[in-house]
file final24.txt (compact mmCIF, C-alpha atoms)
# COMPACT_ATOMS: atom_id res chain seq x y z
CA MET A 159 10.93 -0.62 -3.85
CA ARG A 160 7.48 -0.25 -5.33
CA ILE A 161 8.35 -2.37 -8.36
CA LEU A 162 9.58 -5.21 -6.15
CA ARG A 163 6.56 -5.08 -3.88
CA TRP A 164 4.13 -4.93 -6.78
CA ALA A 165 5.84 -7.78 -8.64
CA ILE A 166 5.56 -9.99 -5.58
CA PHE A 167 1.94 -8.95 -5.14
CA LEU A 168 1.15 -9.88 -8.71
CA GLY A 169 2.65 -13.30 -8.20
CA ALA A 170 0.57 -14.03 -5.12
CA VAL A 171 -2.48 -16.27 -5.21
CA ILE A 172 -5.42 -14.23 -3.96
CA CYS A 173 -7.85 -16.86 -2.75
CA SER A 174 -10.41 -14.55 -1.17
CA THR A 175 -11.18 -12.42 -4.22
CA PRO A 176 -14.96 -12.40 -4.71
CA THR A 177 -16.57 -12.89 -8.09
CA TYR A 178 -17.83 -9.81 -9.90
CA ALA A 179 -20.21 -9.65 -12.83
CA ALA A 180 -18.55 -7.03 -15.05
CA ARG A 181 -17.01 -8.69 -18.10
CA CYS A 182 -13.43 -7.74 -18.84
CA GLY A 183 -12.19 -6.82 -22.31
CA GLY A 184 -14.41 -5.51 -25.07
CA ASP A 185 -15.74 -1.98 -25.10
CA PHE A 186 -14.32 0.01 -22.20
CA ASN A 187 -17.42 2.18 -21.72
CA THR A 188 -19.62 -0.92 -21.54
CA PHE A 189 -17.32 -2.30 -18.88
CA VAL A 190 -17.45 0.95 -16.88
CA ALA A 191 -21.26 0.90 -17.07
CA ALA A 192 -21.25 -2.63 -15.64
CA MET A 193 -18.87 -1.55 -12.89
CA SER A 194 -21.20 1.32 -12.08
CA GLN A 195 -23.94 -1.22 -11.48
CA GLU A 196 -21.59 -3.28 -9.30
CA ALA A 197 -20.76 -0.17 -7.28
CA ALA A 198 -24.43 0.69 -6.78
CA ALA A 199 -25.10 -2.87 -5.60
CA ALA A 200 -22.21 -2.48 -3.15
CA GLY A 201 -23.86 0.59 -1.63
CA ILE A 202 -21.92 3.33 -3.40
CA SER A 203 -24.07 6.42 -3.98
CA GLN A 204 -24.98 7.51 -7.47
CA ALA A 205 -23.32 10.85 -6.77
CA VAL A 206 -19.95 9.18 -6.06
CA ILE A 207 -20.33 6.78 -9.00
CA SER A 208 -21.09 9.62 -11.38
CA GLN A 209 -18.30 11.82 -10.05
CA ALA A 210 -15.70 9.05 -10.20
CA LEU A 211 -16.61 7.05 -13.29
CA SER A 212 -18.25 9.48 -15.72
CA GLY A 213 -15.84 10.08 -18.57
CA VAL A 214 -13.11 7.83 -17.18
CA THR A 215 -10.74 6.57 -19.88
CA GLN A 216 -8.13 3.85 -20.15
CA ASP A 217 -4.51 4.65 -19.36
CA PRO A 218 -2.11 2.88 -21.76
CA ALA A 219 0.84 3.73 -19.51
CA VAL A 220 -0.65 1.61 -16.72
CA LEU A 221 -0.93 -1.43 -18.96
CA SER A 222 2.56 -0.88 -20.32
CA PHE A 223 4.00 -0.69 -16.80
CA ASP A 224 2.09 -3.78 -15.72
CA ARG A 225 3.42 -5.84 -18.60
CA ARG A 226 6.99 -4.90 -17.76
CA GLN A 227 6.76 -6.32 -14.24
CA ARG A 228 8.35 -9.60 -13.27
CA GLY A 229 7.73 -11.74 -10.20
CA THR A 230 11.42 -12.40 -9.57
CA PHE A 231 14.16 -10.34 -8.02
CA ASN A 232 17.80 -11.11 -8.75
CA LYS A 233 19.78 -8.97 -6.29
CA SER A 234 21.26 -10.48 -3.17
CA PHE A 235 20.14 -9.13 0.19
CA GLU A 236 23.47 -7.32 0.58
CA GLN A 237 23.12 -5.68 -2.83
CA TYR A 238 19.51 -4.69 -2.23
CA VAL A 239 19.89 -3.35 1.29
CA SER A 240 22.90 -1.25 0.27
CA THR A 241 20.64 0.67 -2.14
CA ARG A 242 17.79 1.07 0.35
CA VAL A 243 19.33 1.68 3.77
CA GLY A 244 22.18 4.19 3.71
CA PRO A 245 23.53 6.54 6.39
CA GLY A 246 21.34 9.44 5.24
CA ARG A 247 18.11 7.48 5.47
CA ILE A 248 19.13 6.03 8.83
CA ASN A 249 19.84 9.51 10.21
CA ILE A 250 16.51 10.87 9.01
CA GLY A 251 14.76 7.80 10.39
CA ARG A 252 16.28 8.44 13.80
CA GLN A 253 15.05 12.02 13.60
CA MET A 254 11.55 10.71 12.83
CA LEU A 255 11.71 8.41 15.85
CA GLN A 256 12.44 11.42 18.03
CA ARG A 257 10.06 13.85 16.36
CA HIS A 258 7.13 11.45 16.56
CA GLY A 259 8.19 9.69 19.75
CA SER A 260 4.98 10.32 21.67
CA LEU A 261 2.78 9.31 18.73
CA LEU A 262 4.81 6.15 18.10
CA ALA A 263 4.63 5.22 21.79
CA ARG A 264 0.83 5.44 21.70
CA ILE A 265 0.76 3.36 18.52
CA GLU A 266 2.99 0.72 20.09
CA GLN A 267 0.79 0.63 23.19
CA LYS A 268 -2.33 0.05 21.07
CA PHE A 269 -1.00 -2.25 18.35
CA GLY A 270 2.14 -3.80 19.82
CA VAL A 271 4.40 -2.87 16.90
CA PRO A 272 7.71 -1.23 17.88
CA PRO A 273 8.39 2.29 16.56
CA GLU A 274 11.49 1.25 14.64
CA ILE A 275 9.51 -1.23 12.50
CA VAL A 276 6.85 1.35 11.65
CA VAL A 277 9.42 4.03 10.83
CA ALA A 278 11.49 1.59 8.76
CA ILE A 279 8.48 0.77 6.59
CA TRP A 280 7.61 4.46 6.29
CA GLY A 281 11.14 5.25 5.18
CA LEU A 282 11.34 2.42 2.66
CA GLU A 283 7.96 3.17 1.12
CA SER A 284 8.12 6.93 0.71
CA ASP A 285 11.18 8.42 2.43
CA PHE A 286 8.99 9.31 5.41
CA GLY A 287 6.31 10.87 3.24
CA LYS A 288 8.72 13.12 1.35
CA GLY A 289 9.33 10.80 -1.61
CA ASP A 290 7.27 9.58 -4.52
CA ILE A 291 3.81 8.38 -3.48
CA GLY A 292 2.41 8.42 -7.02
CA LYS A 293 0.79 10.99 -9.24
CA MET A 294 -1.83 8.93 -11.07
CA PRO A 295 -5.63 9.11 -10.67
CA VAL A 296 -6.44 5.93 -8.77
CA ILE A 297 -9.89 5.42 -10.32
CA ARG A 298 -8.50 5.61 -13.85
CA THR A 299 -5.64 3.28 -12.96
CA LEU A 300 -7.88 0.67 -11.37
CA ALA A 301 -10.55 0.88 -14.08
CA THR A 302 -7.81 0.26 -16.64
CA MET A 303 -6.47 -2.74 -14.74
CA ALA A 304 -9.94 -4.13 -14.04
CA HIS A 305 -10.90 -3.95 -17.72
CA ASP A 306 -7.76 -5.90 -18.60
CA CYS A 307 -8.53 -9.62 -18.32
CA ARG A 308 -5.29 -10.69 -16.62
CA ARG A 309 -6.54 -10.07 -13.05
CA THR A 310 -9.94 -8.50 -13.57
CA GLU A 311 -11.62 -9.79 -10.39
CA LEU A 312 -8.78 -8.56 -8.20
CA PHE A 313 -8.88 -5.08 -9.68
CA GLN A 314 -12.65 -4.88 -9.81
CA GLY A 315 -12.48 -5.37 -6.05
CA GLU A 316 -9.81 -2.70 -5.71
CA LEU A 317 -11.87 -0.29 -7.81
CA LEU A 318 -14.91 -0.77 -5.58
CA ALA A 319 -12.71 -0.28 -2.51
CA ALA A 320 -11.40 2.99 -3.96
CA LEU A 321 -14.96 4.19 -4.48
CA LYS A 322 -15.68 3.31 -0.85
CA ILE A 323 -12.77 5.52 0.24
CA VAL A 324 -14.48 8.44 -1.50
CA GLN A 325 -17.91 7.40 -0.20
CA ARG A 326 -16.64 7.34 3.41
CA GLY A 327 -15.18 10.81 2.98
CA ASP A 328 -11.64 9.69 3.75
CA LEU A 329 -10.22 11.32 0.62
CA PRO A 330 -11.94 13.52 -1.95
CA LEU A 331 -11.66 12.31 -5.52
CA ARG A 332 -9.09 15.01 -6.32
CA ASP A 333 -6.80 13.52 -3.66
CA LEU A 334 -7.29 9.92 -4.72
CA ILE A 335 -3.89 9.85 -6.39
CA GLY A 336 -1.52 6.91 -6.34
CA ALA A 337 0.99 4.69 -8.08
CA PHE A 338 0.82 2.35 -11.08
CA ALA A 339 -1.28 -0.29 -9.31
CA GLY A 340 -3.47 2.13 -7.39
CA GLU A 341 -1.37 2.16 -4.20
CA ILE A 342 -2.24 5.14 -2.02
CA GLY A 343 -0.42 7.21 0.55
CA GLN A 344 2.80 7.38 2.50
CA THR A 345 3.05 3.64 3.06
CA GLN A 346 1.40 2.65 -0.23
CA PHE A 347 -1.82 0.85 0.73
CA LEU A 348 -3.92 -0.75 -1.97
CA PRO A 349 -7.53 0.46 -1.61
CA SER A 350 -8.74 -2.84 -0.12
CA SER A 351 -6.04 -2.59 2.56
CA TYR A 352 -6.98 1.07 3.11
CA ILE A 353 -10.54 -0.04 3.89
CA LYS A 354 -9.51 -3.08 5.94
CA TYR A 355 -6.66 -1.68 8.02
CA GLY A 356 -7.00 2.11 7.88
CA VAL A 357 -7.17 3.84 11.28
CA ASP A 358 -8.35 7.36 12.10
CA PHE A 359 -5.64 8.01 14.69
CA ASP A 360 -5.77 11.80 14.62
CA GLY A 361 -9.45 11.68 15.53
CA ASN A 362 -10.79 13.91 12.77
CA GLY A 363 -13.31 11.37 11.52
CA HIS A 364 -11.41 10.39 8.37
CA VAL A 365 -8.67 7.93 7.49
CA ASP A 366 -6.19 10.02 5.50
CA LEU A 367 -3.18 7.99 4.43
CA ARG A 368 -1.81 10.73 2.19
CA HIS A 369 -1.54 13.66 4.58
CA SER A 370 -2.04 12.53 8.20
CA VAL A 371 1.10 11.10 9.80
CA PRO A 372 -0.86 9.68 12.77
CA ASP A 373 -3.23 7.86 10.41
CA VAL A 374 -0.37 6.62 8.22
CA LEU A 375 1.72 5.21 11.05
CA ALA A 376 -1.19 3.75 13.03
CA SER A 377 -2.67 2.10 9.95
CA THR A 378 0.70 0.55 9.11
CA ALA A 379 0.94 -0.83 12.64
CA ASN A 380 -2.66 -2.04 12.52
CA LEU A 381 -1.97 -4.04 9.36
CA LEU A 382 0.93 -5.81 11.05
CA HIS A 383 -0.97 -6.29 14.32
CA THR A 384 -4.00 -7.76 12.54
CA SER A 385 -1.65 -10.09 10.66
CA GLY A 386 -0.30 -11.51 13.92
CA PHE A 387 2.70 -9.31 14.77
CA LYS A 388 3.41 -9.62 18.52
CA GLY A 389 5.01 -6.83 20.50
CA GLY A 390 8.18 -7.62 22.41
CA ALA A 391 9.00 -10.64 20.25
CA PRO A 392 11.90 -10.85 17.75
CA TYR A 393 11.20 -10.06 14.12
CA GLY A 394 14.20 -11.55 12.34
CA GLU A 395 14.04 -14.18 9.63
CA GLY A 396 12.55 -17.42 10.90
CA THR A 397 10.42 -15.80 13.63
CA ALA A 398 6.64 -15.60 13.86
CA ASN A 399 6.79 -11.83 13.44
CA PHE A 400 8.82 -12.22 10.26
CA GLU A 401 6.01 -14.39 8.92
CA ALA A 402 3.40 -11.88 10.11
CA MET A 403 5.09 -9.27 7.90
CA ARG A 404 4.20 -11.35 4.82
CA GLU A 405 0.93 -9.43 4.68
CA TRP A 406 3.04 -6.33 4.12
CA ASN A 407 5.37 -7.91 1.59
CA ARG A 408 5.81 -11.54 0.64
CA ALA A 409 9.40 -11.02 -0.49
CA THR A 410 11.88 -12.40 2.07
CA ILE A 411 14.50 -9.90 0.92
CA TYR A 412 12.22 -6.98 1.65
CA ARG A 413 11.16 -8.21 5.07
CA LYS A 414 14.84 -8.75 5.94
CA THR A 415 15.43 -5.15 4.84
CA ILE A 416 12.68 -3.90 7.16
CA GLY A 417 14.33 -5.71 10.07
CA TYR A 418 17.81 -4.53 9.14
CA PHE A 419 16.66 -0.91 8.86
CA ALA A 420 14.75 -1.12 12.15
CA ASP A 421 17.84 -2.48 13.93
CA ARG A 422 20.01 0.32 12.54
CA LEU A 423 17.49 2.92 13.69
CA VAL A 424 17.88 1.85 17.31
CA GLY A 425 21.63 1.17 17.14
CA ARG A 426 21.58 -2.60 16.94
call {"tool": "encode", "arguments": {"input": "final24.txt", "output": "structure tokens"}}
result
Amino acid sequence: MRILRWAIFLGAVICSTPTYAARCGGDFNTFVAAMSQEAAAAGISQAVISQALSGVTQDPAVLSFDRRQRGTFNKSFEQYVSTRVGPGRINIGRQMLQRHGSLLARIEQKFGVPPEIVVAIWGLESDFGKGDIGKMPVIRTLATMAHDCRRTELFQGELLAALKIVQRGDLPLRDLIGAFAGEIGQTQFLPSSYIKYGVDFDGNGHVDLRHSVPDVLASTANLLHTSGFKGGAPYGEGTANFEAMREWNRATIYRKTIGYFADRLVGR
């Protein structure tokens, strides 16, 4: 799943990416020093900058993974969904709907996203938080990608967003662990999405998308709500809600899989 989502993300045109001053390529330490200045200008404290960026090194595995990605996907919907939505995952998803019924009802009331959509995404992204959510230091991953000149402005922005997550106290640096593109948590938010859509739904003063199920599920719903998802309306292909889910994943096949899984969860 993550490879598909990331390939589609890489192929997207990001029109709102701001311009940053750090020059990609060349000496990595010089680049990190320039990014440290960018971070300070963005309001990141020297303590966080030093803690996060001092001694950071490139990760060749990140670049190798990135260069293997492709922006196309050759399976049919039937082939893809058969590998993603089986009886076991449906049964566990139904258990999650029951276990977190009260929480999901409050999330639906606030954001207008039905529980089955939220749980379907949760299941597809990380097997309801029990699967692989990445084991790589996010700062190192993003610094590596930002230094590479292929999409430096995009990843410079993601690196600054990751530093803001630490600055806000949402996750300590030791917990800022993610996947090969810096995706974080049980529904795999890029740092910029973490900052933009993250919700402190358990009320502890922090947005924790790795450990807090209320924060994970509410933030997922908030992303869809902010993108135009309307409660009570259909979400199948060709609907406005199907288009609203593009912010989650631009791939039609994946959005169809979300809808298919959601329908199975509620017996449709």
call {"tool": "closest_residue", "arguments": {"input": "final24.txt", "among": "A:Ile207, A:Leu261, A:Val271, A:Ile279", "to": "Ala391 of chain A", "atoms": "all atoms listed in the file"}}
result
A:Val271
call {"tool": "atom_distance", "arguments": {"input": "final24.txt", "atom1": "atom CA of Gly363 of chain A", "atom2": "atom CA of Lys322 of chain A"}}
result
15.0 Å
call {"tool": "closest_residue", "arguments": {"input": "final24.txt", "among": "A:Leu255, A:Cys182, A:Ile291, A:Leu367", "to": "Leu312 of chain A", "atoms": "only C-alpha atoms"}}
result
A:Cys182
call {"tool": "closest_residue", "arguments": {"input": "final24.txt", "among": "A:Ala409, A:Met403, A:Ile297, A:Ala337", "to": "Leu318 of chain A", "atoms": "all atoms listed in the file"}}
result
A:Ile297
call {"tool": "closest_residue", "arguments": {"input": "final24.txt", "among": "A:Phe419, A:Phe235, A:Phe400, A:Phe338", "to": "Val276 of chain A", "atoms": "all atoms listed in the file"}}
result
A:Phe419
call {"tool": "closest_residue", "arguments": {"input": "final24.txt", "among": "A:His369, A:Arg326, A:His364, A:His383", "to": "Gly201 of chain A", "atoms": "all atoms listed in the file"}}
result
A:Arg326
call {"tool": "closest_residue", "arguments": {"input": "final24.txt", "among": "A:Ala263, A:Ile250, A:Val296, A:Leu348", "to": "Trp280 of chain A", "atoms": "all atoms listed in the file"}}
result
A:Ile250
call {"tool": "residues_near_point", "arguments": {"input": "final24.txt", "point": "(-13.2, -3.9, -22.2)", "cutoff": "12 Å", "atoms": "all atoms listed in the file", "output": "list in words"}}
result
Ala180, Arg181, Cys182, Gly183, Gly184, Asp185, Phe186, Asn187, Thr188, Phe189, Val190, Ala191, Ala192, Met193, Thr215, Gln216, Ala301, Thr302, Met303, Ala304, His305, Asp306, Cys307, Arg308 and Thr310 of chain A
call {"tool": "atom_distance", "arguments": {"input": "final24.txt", "atom1": "atom CA of Asn362 of chain A", "atom2": "atom CA of Arg332 of chain A"}}
result
19.2 Å
call {"tool": "residues_around", "arguments": {"input": "final24.txt", "residues": "Leu262 of chain A", "least_positions_apart": "5", "cutoff": "8 Å", "atoms": "all atoms listed in the file", "output": "ChimeraX atom specification"}}
result
/A:255,272-273,375
call {"tool": "atom_distance", "arguments": {"input": "final24.txt", "atom1": "atom CA of Val214 of chain A", "atom2": "atom CA of Ile335 of chain A"}}
result
14.3 Å
call {"tool": "residues_around", "arguments": {"input": "final24.txt", "residues": "Glu395 of chain A", "least_positions_apart": "3", "cutoff": "9 Å", "atoms": "only C-alpha atoms", "output": "number ranges by chain"}}
result
A: 398-401, 410, 413-414, 417
call {"tool": "residues_near_point", "arguments": {"input": "final24.txt", "point": "(4.7, 8.4, 1.4)", "cutoff": "9 Å", "atoms": "only C-alpha atoms", "output": "MDAnalysis selection string"}}
result
chainID A and resid 280:281 283:292 342:346 367:369 374
call {"tool": "write_last_selection", "arguments": {"input": "final24.txt", "atoms": "C-alpha atoms", "output": "JSON list (two decimals), in the frame of the given file"}}
result
[["chain", "number", "residue", "atom", "x", "y", "z"],
["A", 280, "TRP", "CA", 7.61, 4.46, 6.29],
["A", 281, "GLY", "CA", 11.14, 5.25, 5.18],
["A", 283, "GLU", "CA", 7.96, 3.17, 1.12],
["A", 284, "SER", "CA", 8.12, 6.93, 0.71],
["A", 285, "ASP", "CA", 11.18, 8.42, 2.43],
["A", 286, "PHE", "CA", 8.99, 9.31, 5.41],
["A", 287, "GLY", "CA", 6.31, 10.87, 3.24],
["A", 288, "LYS", "CA", 8.72, 13.12, 1.35],
["A", 289, "GLY", "CA", 9.33, 10.80, -1.61],
["A", 290, "ASP", "CA", 7.27, 9.58, -4.52],
["A", 291, "ILE", "CA", 3.81, 8.38, -3.48],
["A", 292, "GLY", "CA", 2.41, 8.42, -7.02],
["A", 342, "ILE", "CA", -2.24, 5.14, -2.02],
["A", 343, "GLY", "CA", -0.42, 7.21, 0.55],
["A", 344, "GLN", "CA", 2.80, 7.38, 2.50],
["A", 345, "THR", "CA", 3.05, 3.64, 3.06],
["A", 346, "GLN", "CA", 1.40, 2.65, -0.23],
["A", 367, "LEU", "CA", -3.18, 7.99, 4.43],
["A", 368, "ARG", "CA", -1.81, 10.73, 2.19],
["A", 369, "HIS", "CA", -1.54, 13.66, 4.58],
["A", 374, "VAL", "CA", -0.37, 6.62, 8.22]]
call {"tool": "residues_around", "arguments": {"input": "final24.txt", "residues": "Leu382 of chain A", "least_positions_apart": "3", "cutoff": "8 Å", "atoms": "all atoms listed in the file", "output": "list in words"}}
result
Val271, Thr378, Ala379, Ser385, Gly386, Phe387, Ala402, Met403, Glu405 and Trp406 of chain A
call {"tool": "build_atoms", "arguments": {"input": "final24.txt", "residues": "segment 230-242 of chain A", "atoms": "N, CA and C atoms", "output": "compact mmCIF listing (two decimals), in the frame of the given file"}}
result
# COMPACT_ATOMS: atom_id res chain seq x y z
N THR A 230 10.15 -11.96 -10.15
CA THR A 230 11.42 -12.40 -9.57
C THR A 230 12.29 -11.20 -9.28
N PHE A 231 13.27 -11.41 -8.42
CA PHE A 231 14.16 -10.34 -8.02
C PHE A 231 15.54 -10.93 -7.87
N ASN A 232 16.53 -10.41 -8.60
CA ASN A 232 17.80 -11.11 -8.75
C ASN A 232 18.94 -10.57 -7.88
N LYS A 233 18.72 -9.49 -7.16
CA LYS A 233 19.78 -8.97 -6.29
C LYS A 233 19.88 -9.80 -5.02
N SER A 234 21.09 -9.88 -4.49
CA SER A 234 21.26 -10.48 -3.17
C SER A 234 20.75 -9.50 -2.12
N PHE A 235 20.57 -10.01 -0.90
CA PHE A 235 20.14 -9.13 0.19
C PHE A 235 21.15 -8.00 0.39
N GLU A 236 22.43 -8.33 0.37
CA GLU A 236 23.47 -7.32 0.58
C GLU A 236 23.42 -6.24 -0.50
N GLN A 237 23.22 -6.65 -1.74
CA GLN A 237 23.12 -5.68 -2.83
C GLN A 237 21.88 -4.81 -2.67
N TYR A 238 20.77 -5.44 -2.33
CA TYR A 238 19.51 -4.69 -2.23
C TYR A 238 19.54 -3.71 -1.06
N VAL A 239 19.95 -4.20 0.11
CA VAL A 239 19.89 -3.35 1.29
C VAL A 239 20.85 -2.18 1.17
N SER A 240 21.95 -2.36 0.43
CA SER A 240 22.90 -1.25 0.27
C SER A 240 22.30 -0.10 -0.52
N THR A 241 21.30 -0.38 -1.35
CA THR A 241 20.64 0.67 -2.14
C THR A 241 19.45 1.27 -1.40
N ARG A 242 19.00 0.63 -0.33
CA ARG A 242 17.79 1.07 0.35
C ARG A 242 18.03 1.67 1.72
